[in-house]
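Listing of entry19.cif; format and content: mmCIF, C-alpha atoms and all ligand atoms.
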data_structure
#
loop_
_atom_site.label_atom_id
_atom_site.label_comp_id
_atom_site.auth_asym_id
_atom_site.auth_seq_id
_atom_site.Cartn_x
_atom_site.Cartn_y
_atom_site.Cartn_z
CA MET A 1 12.89 -8.71 -37.76
CA ALA A 2 13.94 -12.06 -36.39
CA ASP A 3 11.40 -11.88 -33.61
CA ARG A 4 8.61 -11.71 -36.18
CA ASN A 5 9.38 -15.18 -37.46
CA PRO A 6 5.89 -16.74 -37.48
CA ALA A 7 7.02 -20.23 -36.52
CA ASN A 8 8.59 -19.41 -33.18
CA ASN A 9 5.51 -18.22 -31.31
CA GLY A 10 7.08 -14.79 -31.31
CA ALA A 11 9.17 -15.75 -28.31
CA VAL A 12 12.67 -16.42 -29.54
CA SER A 13 14.83 -13.85 -31.25
CA HIS A 14 18.25 -14.75 -29.93
CA VAL A 15 20.03 -18.08 -29.51
CA ARG A 16 23.26 -17.83 -27.57
CA PHE A 17 26.15 -20.23 -28.13
CA SER A 18 27.36 -20.68 -24.56
CA PRO A 19 25.13 -21.96 -21.73
CA LEU A 20 27.54 -20.91 -18.95
CA GLY A 21 25.19 -18.32 -17.48
CA GLN A 22 22.55 -20.99 -17.00
CA GLN A 23 25.04 -23.66 -15.95
CA PHE A 24 26.25 -21.54 -13.05
CA ALA A 25 23.01 -19.71 -12.25
CA GLU A 26 22.92 -21.16 -8.73
CA PRO A 27 26.50 -21.26 -7.51
CA ASP A 28 25.85 -21.19 -3.76
CA ALA A 29 27.05 -24.74 -3.11
CA ILE A 30 30.32 -23.93 -4.88
CA PHE A 31 30.82 -20.72 -2.92
CA GLU A 32 30.15 -22.61 0.28
CA GLU A 33 32.97 -25.05 -0.40
CA LEU A 34 35.24 -22.25 -1.64
CA ARG A 35 34.73 -20.42 1.64
CA GLU A 36 35.98 -23.52 3.42
CA LEU A 37 38.95 -23.79 1.08
CA VAL A 38 39.89 -20.15 1.57
CA ARG A 39 39.79 -20.59 5.35
CA SER A 40 42.03 -23.67 5.10
CA GLY A 41 44.59 -22.04 2.82
CA ASP A 42 44.97 -25.42 1.09
CA PHE A 43 45.50 -23.86 -2.35
CA THR A 44 48.30 -25.92 -3.91
CA LEU A 45 47.40 -29.54 -4.69
CA GLY A 46 44.85 -29.22 -1.93
CA LYS A 47 42.27 -31.71 -0.79
CA PRO A 48 39.69 -30.83 -3.48
CA VAL A 49 42.20 -31.78 -6.21
CA GLY A 50 42.47 -35.38 -5.06
CA GLU A 51 38.72 -35.59 -4.49
CA PHE A 52 38.03 -34.26 -7.96
CA GLU A 53 40.53 -36.68 -9.52
CA THR A 54 38.81 -39.65 -7.90
CA MET A 55 35.42 -38.49 -9.20
CA PHE A 56 36.72 -37.81 -12.70
CA ALA A 57 38.46 -41.19 -12.95
CA ALA A 58 35.20 -42.88 -11.96
CA ALA A 59 33.22 -40.88 -14.55
CA VAL A 60 35.57 -41.89 -17.36
CA GLY A 61 36.09 -45.43 -16.08
CA ALA A 62 39.86 -44.99 -15.85
CA LYS A 63 42.26 -46.12 -13.15
CA HIS A 64 43.95 -42.73 -12.72
CA ALA A 65 42.97 -39.12 -13.35
CA ILE A 66 45.52 -36.35 -12.83
CA GLY A 67 44.42 -32.70 -12.75
CA VAL A 68 46.60 -30.28 -14.70
CA GLY A 69 46.50 -26.64 -15.77
CA SER A 70 44.71 -26.98 -19.13
CA GLY A 71 43.63 -29.41 -21.83
CA THR A 72 46.72 -28.41 -23.78
CA ASP A 73 48.93 -29.42 -20.86
CA ALA A 74 46.95 -32.66 -20.57
CA LEU A 75 48.26 -33.48 -24.06
CA LYS A 76 51.75 -32.06 -23.62
CA ILE A 77 52.58 -33.80 -20.35
CA PRO A 78 51.89 -37.37 -21.56
CA LEU A 79 53.92 -36.65 -24.72
CA LYS A 80 56.76 -35.49 -22.49
CA ALA A 81 56.31 -38.55 -20.26
CA LEU A 82 56.74 -40.72 -23.37
CA GLY A 83 60.10 -39.04 -23.91
CA LEU A 84 59.12 -37.28 -27.13
CA GLY A 85 61.24 -34.38 -28.29
CA PRO A 86 63.13 -32.90 -31.23
CA GLY A 87 63.31 -35.17 -34.26
CA ASP A 88 60.24 -37.15 -33.24
CA GLU A 89 57.03 -36.91 -35.22
CA VAL A 90 53.50 -37.23 -33.88
CA LEU A 91 50.74 -38.09 -36.33
CA THR A 92 47.46 -36.30 -35.74
CA ALA A 93 44.42 -35.06 -37.69
CA ALA A 94 44.72 -32.13 -40.10
CA ASN A 95 41.42 -30.56 -38.95
CA THR A 96 42.01 -30.36 -35.22
CA PHE A 97 41.99 -27.41 -32.82
CA TYR A 98 45.19 -25.37 -32.41
CA ALA A 99 46.05 -26.84 -29.04
CA SER A 100 46.57 -30.43 -30.20
CA VAL A 101 49.37 -29.31 -32.46
CA GLY A 102 50.57 -26.70 -29.97
CA ALA A 103 51.14 -29.47 -27.42
CA ILE A 104 53.25 -31.48 -29.89
CA VAL A 105 55.35 -28.43 -30.71
CA GLU A 106 55.75 -27.51 -27.03
CA VAL A 107 57.68 -30.72 -26.37
CA GLY A 108 59.88 -30.01 -29.39
CA ALA A 109 58.36 -32.72 -31.60
CA THR A 110 56.99 -32.25 -35.12
CA PRO A 111 53.30 -32.61 -36.00
CA ARG A 112 52.43 -34.62 -39.12
CA PHE A 113 48.91 -34.85 -40.42
CA VAL A 114 46.33 -37.26 -41.71
CA ASP A 115 43.13 -35.99 -43.34
CA CYS A 116 39.76 -36.50 -41.65
CA ASP A 117 36.55 -38.13 -42.82
CA ASP A 118 33.00 -36.81 -42.80
CA ASN A 119 32.63 -37.69 -39.12
CA PHE A 120 35.41 -35.15 -38.47
CA CYS A 121 37.89 -37.68 -37.06
CA MET A 122 41.13 -39.00 -38.52
CA ASP A 123 40.57 -41.04 -41.72
CA VAL A 124 41.93 -44.39 -40.63
CA GLU A 125 42.28 -45.51 -44.27
CA GLN A 126 45.09 -42.98 -44.66
CA LEU A 127 46.81 -43.50 -41.33
CA GLU A 128 49.16 -46.38 -42.03
CA ALA A 129 50.59 -44.82 -45.21
CA ALA A 130 51.45 -41.68 -43.23
CA ILE A 131 53.62 -43.55 -40.69
CA THR A 132 57.37 -43.07 -41.22
CA PRO A 133 60.44 -44.21 -39.27
CA ARG A 134 60.33 -40.84 -37.47
CA THR A 135 56.74 -41.36 -36.26
CA LYS A 136 56.93 -41.87 -32.50
CA ALA A 137 53.30 -41.51 -31.41
CA LEU A 138 49.73 -41.23 -32.71
CA MET A 139 47.33 -38.58 -31.47
CA PRO A 140 43.77 -39.21 -32.67
CA ILE A 141 41.31 -36.39 -31.93
CA HIS A 142 37.71 -37.16 -31.00
CA LEU A 143 36.53 -33.99 -32.71
CA THR A 144 33.03 -32.56 -32.19
CA GLY A 145 32.29 -35.21 -29.53
CA ASP A 146 32.23 -38.17 -31.89
CA VAL A 147 34.82 -40.91 -31.43
CA ALA A 148 37.62 -41.85 -33.82
CA ASP A 149 37.86 -45.45 -35.04
CA MET A 150 40.01 -46.45 -32.08
CA PRO A 151 39.89 -50.24 -32.52
CA ARG A 152 41.54 -49.87 -35.93
CA ILE A 153 43.88 -47.11 -34.79
CA MET A 154 45.05 -49.30 -31.88
CA GLU A 155 45.59 -52.22 -34.24
CA ILE A 156 47.78 -50.08 -36.51
CA ALA A 157 49.59 -48.60 -33.50
CA ALA A 158 50.34 -52.07 -32.15
CA ARG A 159 51.64 -53.24 -35.51
CA HIS A 160 54.09 -50.33 -35.56
CA GLY A 161 54.88 -50.31 -31.84
CA LEU A 162 53.56 -46.74 -31.43
CA PRO A 163 52.03 -45.27 -28.27
CA VAL A 164 48.67 -43.53 -28.62
CA VAL A 165 47.68 -40.37 -26.76
CA GLU A 166 43.98 -39.62 -27.25
CA ASP A 167 42.75 -36.04 -27.46
CA GLY A 168 39.42 -36.38 -25.66
CA CYS A 169 38.99 -32.64 -25.04
CA GLN A 170 35.79 -32.55 -27.12
CA SER A 171 34.46 -36.00 -26.23
CA LEU A 172 34.15 -36.49 -22.49
CA LEU A 173 31.99 -39.62 -22.02
CA GLY A 174 32.08 -40.43 -25.74
CA GLU A 175 32.10 -44.16 -26.49
CA ARG A 176 32.81 -46.53 -29.32
CA GLY A 177 31.76 -50.17 -29.24
CA GLY A 178 31.07 -49.79 -25.52
CA THR A 179 34.55 -48.46 -24.65
CA GLN A 180 34.76 -44.91 -23.30
CA VAL A 181 37.09 -42.24 -24.62
CA GLY A 182 40.16 -42.68 -22.43
CA GLY A 183 39.98 -46.45 -22.61
CA TRP A 184 42.40 -47.01 -25.51
CA GLY A 185 45.43 -44.73 -25.36
CA VAL A 186 48.29 -44.89 -22.87
CA ALA A 187 46.94 -41.49 -21.82
CA THR A 188 43.99 -39.29 -22.76
CA ALA A 189 43.58 -35.54 -22.41
CA PHE A 190 40.43 -33.74 -21.32
CA SER A 191 39.76 -30.02 -20.94
CA MET A 192 37.41 -28.14 -18.64
CA HIS A 193 37.76 -24.85 -20.50
CA PRO A 194 34.50 -22.84 -20.48
CA LEU A 195 33.61 -24.10 -23.99
CA LYS A 196 33.92 -27.82 -23.21
CA ILE A 197 31.43 -30.43 -22.00
CA ILE A 198 32.09 -29.63 -18.35
CA ASN A 199 33.55 -26.31 -17.34
CA VAL A 200 35.37 -24.63 -14.53
CA TRP A 201 35.80 -20.91 -13.93
CA GLY A 202 38.93 -20.58 -16.03
CA ASP A 203 41.40 -23.15 -17.33
CA ALA A 204 41.84 -26.73 -16.23
CA GLY A 205 42.66 -30.09 -17.79
CA VAL A 206 42.78 -33.74 -16.82
CA VAL A 207 44.99 -36.62 -17.95
CA VAL A 208 43.49 -40.07 -17.55
CA THR A 209 45.47 -43.29 -17.79
CA ASN A 210 45.25 -46.94 -16.81
CA ASP A 211 49.04 -47.19 -16.78
CA ASP A 212 50.67 -46.86 -13.35
CA GLU A 213 53.99 -45.62 -14.71
CA MET A 214 52.30 -42.99 -16.90
CA ASN A 215 50.33 -41.88 -13.82
CA ARG A 216 53.53 -41.55 -11.80
CA LYS A 217 55.33 -39.57 -14.51
CA VAL A 218 52.41 -37.21 -15.18
CA ARG A 219 52.20 -36.47 -11.45
CA LEU A 220 55.92 -35.68 -11.39
CA LEU A 221 55.79 -33.56 -14.55
CA ARG A 222 52.85 -31.40 -13.44
CA ASN A 223 54.73 -30.36 -10.31
CA HIS A 224 58.34 -29.48 -11.24
CA GLY A 225 59.37 -33.14 -11.38
CA LEU A 226 59.17 -33.30 -7.58
CA ARG A 227 59.02 -36.73 -5.98
CA ASN A 228 58.32 -35.05 -2.67
CA ARG A 229 58.90 -31.64 -1.14
CA ASP A 230 62.69 -31.96 -1.19
CA GLU A 231 63.56 -34.30 -4.04
CA MET A 232 63.44 -33.41 -7.72
CA GLU A 233 63.55 -36.50 -9.92
CA ILE A 234 63.25 -34.89 -13.38
CA PHE A 235 62.57 -31.52 -14.94
CA GLY A 236 58.87 -30.81 -15.14
CA TYR A 237 56.37 -27.99 -15.34
CA ASN A 238 54.20 -25.93 -13.08
CA SER A 239 50.87 -27.27 -14.32
CA ARG A 240 48.84 -28.22 -11.29
CA LEU A 241 45.08 -28.24 -11.31
CA ASP A 242 44.17 -25.25 -9.19
CA SER A 243 42.43 -26.20 -5.93
CA VAL A 244 39.87 -23.45 -6.52
CA GLN A 245 39.00 -24.89 -9.94
CA ALA A 246 38.92 -28.39 -8.45
CA VAL A 247 36.06 -27.25 -6.20
CA VAL A 248 34.12 -26.13 -9.28
CA GLY A 249 35.15 -29.34 -11.04
CA LYS A 250 33.75 -31.50 -8.22
CA TRP A 251 30.43 -29.70 -8.45
CA ILE A 252 30.12 -30.11 -12.21
CA VAL A 253 31.60 -33.57 -12.76
CA ARG A 254 28.67 -34.96 -10.76
CA GLN A 255 26.40 -33.68 -13.52
CA VAL A 256 28.34 -34.93 -16.53
CA GLY A 257 25.99 -37.83 -17.32
CA ASP A 258 22.96 -35.50 -17.46
CA ILE A 259 24.89 -32.88 -19.43
CA VAL A 260 25.85 -35.38 -22.10
CA THR A 261 22.33 -36.81 -22.25
CA GLY A 262 20.93 -33.29 -22.68
CA ARG A 263 23.33 -32.55 -25.51
CA ALA A 264 22.52 -35.78 -27.32
CA GLU A 265 18.77 -35.08 -27.02
CA ALA A 266 19.21 -31.58 -28.41
CA ALA A 267 21.29 -32.99 -31.29
CA ALA A 268 18.64 -35.62 -32.09
CA TYR A 269 16.03 -32.87 -32.19
CA TYR A 270 18.11 -30.88 -34.70
CA ASP A 271 18.75 -34.01 -36.77
CA GLN A 272 15.02 -34.51 -37.09
CA GLY A 273 14.21 -30.87 -37.74
CA LEU A 274 16.97 -30.22 -40.25
CA ALA A 275 16.54 -33.49 -42.17
CA GLY A 276 14.99 -32.85 -45.54
CA ILE A 277 15.95 -29.18 -45.73
CA PRO A 278 17.57 -28.90 -49.14
CA GLY A 279 21.03 -27.44 -48.77
CA VAL A 280 21.72 -29.10 -45.42
CA ARG A 281 23.44 -32.45 -45.03
CA ILE A 282 23.68 -34.10 -41.63
CA PRO A 283 26.78 -36.26 -41.06
CA GLN A 284 26.04 -39.97 -41.18
CA ARG A 285 25.37 -40.96 -37.54
CA GLN A 286 27.46 -43.96 -36.53
CA ALA A 287 25.65 -46.76 -34.71
CA GLU A 288 28.83 -47.90 -32.96
CA THR A 289 29.65 -44.53 -31.37
CA LYS A 290 28.09 -42.58 -28.54
CA HIS A 291 28.53 -39.00 -29.76
CA VAL A 292 28.45 -36.39 -26.97
CA TYR A 293 27.98 -33.37 -29.25
CA LEU A 294 30.38 -30.80 -27.94
CA LEU A 295 29.67 -29.38 -31.40
CA TYR A 296 26.59 -29.83 -33.54
CA MET A 297 28.08 -29.51 -36.99
CA VAL A 298 26.37 -30.00 -40.37
CA PHE A 299 27.32 -29.48 -44.02
CA ALA A 300 25.62 -26.52 -45.66
CA GLU A 301 25.41 -25.23 -49.23
CA ASN A 302 26.36 -21.55 -49.45
CA ARG A 303 27.66 -21.88 -45.90
CA ASP A 304 28.85 -18.29 -45.62
CA GLY A 305 25.44 -17.02 -46.76
CA LEU A 306 23.71 -19.22 -44.18
CA LEU A 307 26.08 -18.08 -41.44
CA GLU A 308 25.35 -14.42 -42.17
CA HIS A 309 21.60 -15.11 -42.37
CA CYS A 310 21.72 -16.80 -38.93
CA LEU A 311 23.90 -14.16 -37.29
CA GLU A 312 21.62 -11.39 -38.56
CA ARG A 313 18.70 -13.19 -36.94
CA GLY A 314 20.40 -13.51 -33.56
CA ILE A 315 21.62 -17.10 -33.81
CA GLU A 316 25.21 -17.46 -32.62
CA ALA A 317 26.24 -20.03 -35.22
CA LYS A 318 29.98 -20.65 -35.55
CA ILE A 319 32.56 -22.14 -37.89
CA HIS A 320 34.91 -24.85 -36.61
CA TYR A 321 37.30 -24.00 -38.16
CA PRO A 322 37.38 -21.41 -40.96
CA ILE A 323 41.12 -21.77 -41.65
CA PRO A 324 42.34 -25.37 -41.76
CA LEU A 325 44.93 -25.71 -39.02
CA TYR A 326 47.59 -27.09 -41.32
CA GLN A 327 47.34 -23.91 -43.42
CA GLN A 328 47.85 -21.52 -40.50
CA ASP A 329 50.87 -19.21 -40.67
CA ALA A 330 52.28 -20.68 -37.46
CA LEU A 331 52.64 -24.06 -39.18
CA ALA A 332 54.31 -22.77 -42.34
CA SER A 333 57.67 -24.35 -41.45
CA PHE A 334 56.16 -27.84 -41.58
CA GLY A 335 55.93 -27.58 -45.36
CA TYR A 336 52.25 -28.27 -46.00
CA LYS A 337 50.36 -26.35 -48.66
CA ALA A 338 46.70 -25.62 -49.41
CA GLY A 339 45.08 -28.68 -50.98
CA ASP A 340 47.17 -31.27 -49.11
CA PHE A 341 44.14 -32.34 -47.05
CA PRO A 342 41.09 -31.94 -49.28
CA VAL A 343 38.47 -33.18 -46.81
CA THR A 344 39.70 -30.79 -44.13
CA ASP A 345 39.63 -28.01 -46.75
CA ARG A 346 36.08 -28.87 -47.77
CA HIS A 347 34.93 -28.86 -44.14
CA SER A 348 36.41 -25.40 -43.62
CA ARG A 349 34.16 -24.20 -46.46
CA ASP A 350 31.00 -26.27 -45.87
CA CYS A 351 30.53 -26.79 -42.14
CA ILE A 352 28.52 -24.75 -39.70
CA SER A 353 27.95 -25.33 -35.95
CA PHE A 354 24.77 -24.47 -34.08
CA PRO A 355 24.41 -24.08 -30.32
CA VAL A 356 23.74 -27.49 -28.72
CA ASP A 357 23.63 -28.03 -24.99
CA GLN A 358 21.58 -29.21 -22.08
CA HIS A 359 20.09 -25.75 -21.43
CA LEU A 360 18.93 -25.02 -24.97
CA SER A 361 15.13 -24.95 -25.23
CA ARG A 362 13.14 -26.69 -27.95
CA ALA A 363 11.72 -23.25 -28.84
CA GLU A 364 15.25 -21.99 -29.44
CA GLN A 365 16.00 -25.03 -31.56
CA ASP A 366 12.77 -24.56 -33.55
CA TYR A 367 13.87 -21.00 -34.21
CA VAL A 368 17.24 -22.26 -35.52
CA ILE A 369 15.57 -24.90 -37.70
CA ASP A 370 13.00 -22.46 -39.10
CA THR A 371 15.67 -19.85 -39.78
CA VAL A 372 17.78 -22.38 -41.70
CA ARG A 373 14.73 -23.59 -43.66
CA ALA A 374 13.80 -20.00 -44.53
CA PHE A 375 17.30 -19.34 -45.87
CA TYR A 376 17.10 -22.16 -48.39
CA GLN A 377 13.52 -21.32 -49.32
CA GLY A 378 14.48 -17.71 -49.95
CA GLY A 379 12.45 -16.60 -46.92
C1 LIG A 401 39.94 -27.31 -26.25
C2 LIG A 401 40.78 -28.32 -26.90
C3 LIG A 401 42.09 -28.54 -26.48
C4 LIG A 401 42.81 -27.73 -25.43
O1 LIG A 401 42.15 -27.47 -24.29
P1 LIG A 401 42.49 -26.18 -23.39
O2 LIG A 401 41.92 -26.56 -22.08
O3 LIG A 401 41.81 -25.02 -24.03
O4 LIG A 401 43.97 -26.02 -23.34
C5 LIG A 401 42.81 -29.54 -27.12
N1 LIG A 401 42.28 -30.26 -28.11
C6 LIG A 401 41.02 -30.06 -28.56
C7 LIG A 401 40.50 -30.90 -29.67
C8 LIG A 401 40.24 -29.08 -27.98
O5 LIG A 401 39.00 -28.88 -28.42
#
Just dump the structure as structure tokens.
Amino acid sequence: MADRNPANNGAVSHVRFSPLGQQFAEPDAIFEELRELVRSGDFTLGKPVGEFETMFAAAVGAKHAIGVGSGTDALKIPLKALGLGPGDEVLTAANTFYASVGAIVEVGATPRFVDCDDNFCMDVEQLEAAITPRTKALMPIHLTGDVADMPRIMEIAARHGLPVVEDGCQSLLGERGGTQVGGWGVATAFSMHPLKIINVWGDAGVVVTNDDEMNRKVRLLRNHGLRNRDEMEIFGYNSRLDSVQAVVGKWIVRQVGDIVTGRAEAAAYYDQGLAGIPGVRIPQRQAETKHVYLLYMVFAENRDGLLEHCLERGIEAKIHYPIPLYQQDALASFGYKAGDFPVTDRHSRDCISFPVDQHLSRAEQDYVIDTVRAFYQGG
């Protein structure tokens, strides 16, 4: 039925969420370098890891980039480096992805939450009131690819003497007021999971920092706390960026500027096409931020009806996230209850995400836009 939609030239009947098949359609250059790596046997913290780190640091405009095993580890390791543990609280956003809170819990600390605003980032108005004597760090999340109000968060952090670890996993190359994500916190985490802005062939993460001591500690912590082959300075983890993934990372980090530009263009096209459809509300776009659109998320009336309508017509729309994180069973012991974060709750009911990436065609986007319009017009 979907393929008979009159407005799509009869061409589009399916819109996939992930562009990975297209992203890696011509992998020969990667295989070439992998062949070299395999011959060298340089698998553990091999040459490609350092090369990738230099390229990533340059892309983000940071002094140091350290490759680790995942985006989750890229949050956990800086928290550990700050000495956080049992009894310490980390303030983060109530609407984030599981891993942000998982990282806090992994070091033994306790997550505490602040509600978000309609740009999906921490509501800075509520931040200061949530700080207690047990608060030992702030973890703002740049959710969807937009950028939290870091100038104000840094001001509050400074007033309370709190370190800031940014979760940049969804906002690689995001900017606010001309400063890139990674430019505020003592450390910032990025992920190269297959669903992020740049992807490797499995899991990988990167910590960036401008702080030499943080750089030193993260490098120790990712590799058993080893100062060198024979000397163990502290207890750490086995969370090295895999040399094989670093080869893929080198190939894709070169493209990150174009990837982000492609995403922003696709998002602008949706903004234009969806504007004026009754039932859809586009988040207010912020002039001071460069949004990189890991997710293209809008508010929709009868969201569940729209989701079903889209899925039935081959559009892989998604919900980020249907159960507010703070209400998940795993977090029950932290004592929050439904209704504690009303904006997060509303987003879990009203928001829908459409595919948005550099490989999406305008015909596919027209199909999405027409399908949404038809839903609200009873078509
Ligand atoms: C994906 C993600 C992470 C974790 O990244 P992984 O590489 O999957 O461990 C952390 N925080 C946010 C906001 C994310 O989207």
Using all atoms listed in the file, which of A:Asp146, A:Asp211, A:Asp230, A:Asp88 sits nearest ligand LIG 401 (chain A)?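 Once distances to ligand LIG 401 (chain A) are computed over all atoms listed in the file, the minimum belongs to A:Asp146.
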What residues of the protein or nucleic acid chains come within 8 Å of ligand LIG 401 (chain A) when you use all atoms listed in the file? Reply as an NGL selection string. :A and (69-75 or 96-100 or 141-144 or 167-170 or 189-193 or 195-196 or 203-205)
Tell me, in Å to one decimal, how far atom CA of Phe113 of chain A is from atom CA of Gly161 of chain A. 18.7 Å
The distance between atom CA of Asp117 of chain A and atom CA of Thr261 of chain A is 25.0 Å
Take atom CA of Val164 of chain A and atom CA of Gln284 of chain A and report the distance between them in Å, one decimal. 26.1 Å
In terms of the shortest atom-to-atom distance over only C-alpha atoms, which of A:Leu220, A:Ile153, A:Ala363, A:Leu295 is closest to Ser239 of chain A? A:Leu220
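For the set A:Arg373, A:Lys136, A:Lys47, A:His291, the residue with the smallest atom-to-atom gap to Pro278 of chain A is A:Arg373, counting all atoms listed in the file.
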List the spatial neighbours of Asn302 of chain A as a PyMOL selection string - criterion: any atom at most 9 Å away, only C-alpha atoms, same-chain residues fewer than 5 positions off excluded. chain A and resi 279+307+349-350
Using only C-alpha atoms for the distances, tell me which of A:Leu37, A:Val218, A:Val101, A:Ala94 is nearest to Cys121 of chain A.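 Smallest distance to Cys121 of chain A is found for A:Ala94.
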